[in-house]
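S.K.: Supplied in structure tokens, the structure appears directly below.
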Amino acid sequence: MPWRLTVAAIYSPPRHSISTDEYKDLLQTLGNRFIVGGDWNAKHTQWGSRLTSSKGRNLWRAMSDSNYDYISNGAPTYWPTDPQKLPDLLDFFVSHGLHRNNYLIHSNFDLSSDHTPVIVSLSAAAINKPPPPTLTTRNTDWNTFQNYLEENTNLNIRLKSPTDLDKAAHYFTTLVQKAAWLSTSAAEQQATLISNTPLHIRQLVAAKKRARRVWQ
């Protein structure tokens, strides 16, 4: 049976309310192996949005119930012209039947739209990817981390408006970052390229290299 993949695009206007069952009905029409991407107008912290909306919550439930995956780079894709609004992530992909080792995702900043295009590149073979950036490692000194937070956290922060909440969230995020950087050595924070090739394939390649050296 030939390998088939359904590719689809989506735009969901923000004014429409979509239930979990409606999301399930939509995604089930795409078959057993698919990727669908676009402007979902569904926010959820799971794929990198600033907050979780009712549409995002319903979509995540539908995905979880059916074992679907999301593909997102976690970066904002919507840049509102209204200065009172903040950038957020609205554009991403939902997939099924694809292995995470076989695709790459990146943003394209060449266009002038208020939405950043997000591009997924698929490969039939496993792709070598750099490990995701992390603030801490298994060797992080958690006592140093805790002490820094205890000594530098300011609890007397004004929380009277949405702007105050955004400033407080930014302050706390920055504080945690500094604590992590101080408690984790620079050498441990450096990312190294890792292979996402399955173990049995890497073992087979290594065995062939050893055999080649013997015959030489």
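Each chain in the structure tokens gets a letter, A, B and so on, in the order shown; residues start at 1 in every chain, and ligands are counted from 1 in the order they appear.
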Using backbone DSSP assignments, extract all alpha helix (DSSP H) residues from segment 26-203 of chain A; output them as a PyMOL selection string.
M.R.: chain A and resi 26-28+54-66+142-152+162-183+186-189+199-203
S.K.: Take the selection from the previous step and output its residues with C-alpha atoms, as a short mmCIF file (atom, residue, chain, number, x, y, z; two decimals), in the first residue's frame.
M.R.:
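As written to disk, out38.cif reads:
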data_model
loop_
_atom_site.label_atom_id
_atom_site.label_comp_id
_atom_site.auth_asym_id
_atom_site.auth_seq_id
_atom_site.Cartn_x
_atom_site.Cartn_y
_atom_site.Cartn_z
CA LEU A 26 -12.72 18.06 11.13
CA LEU A 27 -9.46 16.25 11.86
CA GLN A 28 -10.94 12.78 11.33
CA SER A 54 -11.70 28.42 24.94
CA LYS A 55 -10.98 27.46 21.32
CA GLY A 56 -7.45 26.44 22.23
CA ARG A 57 -8.70 24.37 25.15
CA ASN A 58 -11.25 22.59 22.94
CA LEU A 59 -8.67 21.93 20.21
CA TRP A 60 -6.18 20.52 22.71
CA ARG A 61 -8.84 18.18 24.13
CA ALA A 62 -9.68 16.94 20.63
CA MET A 63 -5.99 16.37 19.89
CA SER A 64 -5.33 14.60 23.19
CA ASP A 65 -8.36 12.32 22.82
CA SER A 66 -7.30 11.27 19.30
CA TRP A 142 19.59 23.79 42.73
CA ASN A 143 20.67 25.22 46.07
CA THR A 144 22.25 28.18 44.26
CA PHE A 145 19.11 28.48 42.13
CA GLN A 146 16.85 28.54 45.20
CA ASN A 147 19.04 30.99 47.13
CA TYR A 148 19.13 33.44 44.25
CA LEU A 149 15.34 33.46 43.96
CA GLU A 150 14.87 33.86 47.71
CA GLU A 151 17.31 36.78 47.86
CA ASN A 152 16.16 38.64 44.75
CA PRO A 162 -3.29 43.84 32.53
CA THR A 163 -0.12 45.85 31.85
CA ASP A 164 1.00 45.30 35.45
CA LEU A 165 0.46 41.56 35.04
CA ASP A 166 2.51 41.47 31.84
CA LYS A 167 5.34 43.40 33.52
CA ALA A 168 5.24 41.07 36.53
CA ALA A 169 5.34 37.99 34.30
CA HIS A 170 8.32 39.41 32.42
CA TYR A 171 10.07 40.23 35.70
CA PHE A 172 9.57 36.72 37.06
CA THR A 173 10.65 35.08 33.80
CA THR A 174 13.84 37.15 33.75
CA LEU A 175 14.49 36.33 37.41
CA VAL A 176 14.21 32.58 36.77
CA GLN A 177 16.50 32.87 33.75
CA LYS A 178 19.19 34.65 35.77
CA ALA A 179 18.92 32.09 38.57
CA ALA A 180 19.32 29.25 36.07
CA TRP A 181 22.31 30.87 34.35
CA LEU A 182 24.07 31.45 37.66
CA SER A 183 23.49 27.91 38.91
CA ALA A 186 28.52 27.87 30.76
CA ALA A 187 30.07 24.64 29.54
CA GLU A 188 26.97 22.69 30.52
CA GLN A 189 24.69 25.18 28.76
CA LEU A 199 19.49 3.46 17.59
CA HIS A 200 19.37 0.28 15.50
CA ILE A 201 20.33 2.23 12.36
CA ARG A 202 23.22 3.97 14.14
CA GLN A 203 24.43 0.57 15.40
#
S.K.: Quick one: pull the distance between atom CA of Asp82 of chain A and atom CA of Asn41 of chain A, Å, one decimal.
M.R.: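 Calculated distance between atom CA of Asp82 of chain A and atom CA of Asn41 of chain A is 17.0 Å.
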S.K.: Any chance you could list, as a short mmCIF file (atom, residue, chain, number, x, y, z; two decimals) with C-alpha atoms, in the first residue's frame, the residues in segment 13-214 of chain A that come up strand (DSSP E) when DSSP is run on the backbone?
M.R.:
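After the write, out.cif holds the following:
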data_model
loop_
_atom_site.label_atom_id
_atom_site.label_comp_id
_atom_site.auth_asym_id
_atom_site.auth_seq_id
_atom_site.Cartn_x
_atom_site.Cartn_y
_atom_site.Cartn_z
CA PHE A 34 -1.93 14.16 7.76
CA ILE A 35 -0.56 17.61 8.46
CA VAL A 36 -2.80 20.67 8.59
CA GLY A 37 -1.52 24.15 9.34
CA GLY A 38 -2.55 27.77 9.32
CA ASP A 39 -4.18 30.41 11.49
CA ASP A 69 0.39 16.05 17.62
CA TYR A 70 1.07 19.77 17.27
CA ILE A 71 4.04 21.22 15.39
CA ASP A 91 -0.25 29.80 13.48
CA PHE A 92 0.88 26.20 13.89
CA PHE A 93 0.34 22.69 12.56
CA VAL A 94 -1.61 19.66 13.74
CA SER A 95 -0.38 16.30 12.51
CA HIS A 96 -0.86 12.57 12.82
CA TYR A 103 10.51 17.35 10.07
CA LEU A 104 11.95 20.77 10.78
CA ILE A 105 9.97 23.93 11.52
CA HIS A 106 11.09 27.55 11.14
CA SER A 107 9.62 31.03 10.71
CA VAL A 118 5.67 29.18 9.59
CA ILE A 119 7.28 26.57 7.34
CA VAL A 120 7.60 22.84 7.98
CA SER A 121 10.11 20.82 5.96
CA LEU A 122 9.42 17.08 5.77
#
S.K.: For atom CA of Thr137 of chain A and atom CA of Ser49 of chain A, determine how far apart the two atoms are, in Å to one decimal place.
M.R.: 24.8 Å
S.K.: Between atom CA of Ser72 of chain A and atom CA of Pro131 of chain A, what is the spacing in Å?
M.R.: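 Result for atom CA of Pro131 of chain A versus atom CA of Ser72 of chain A: 15.3 Å, one decimal.
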S.K.: Measuring between only C-alpha atoms, which one of A:Ser161, A:Asp88, A:Leu135, A:Leu98 shows the shortest distance to Ser185 of chain A?
M.R.: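 So, comparing all the options, the nearest one is A:Leu135.
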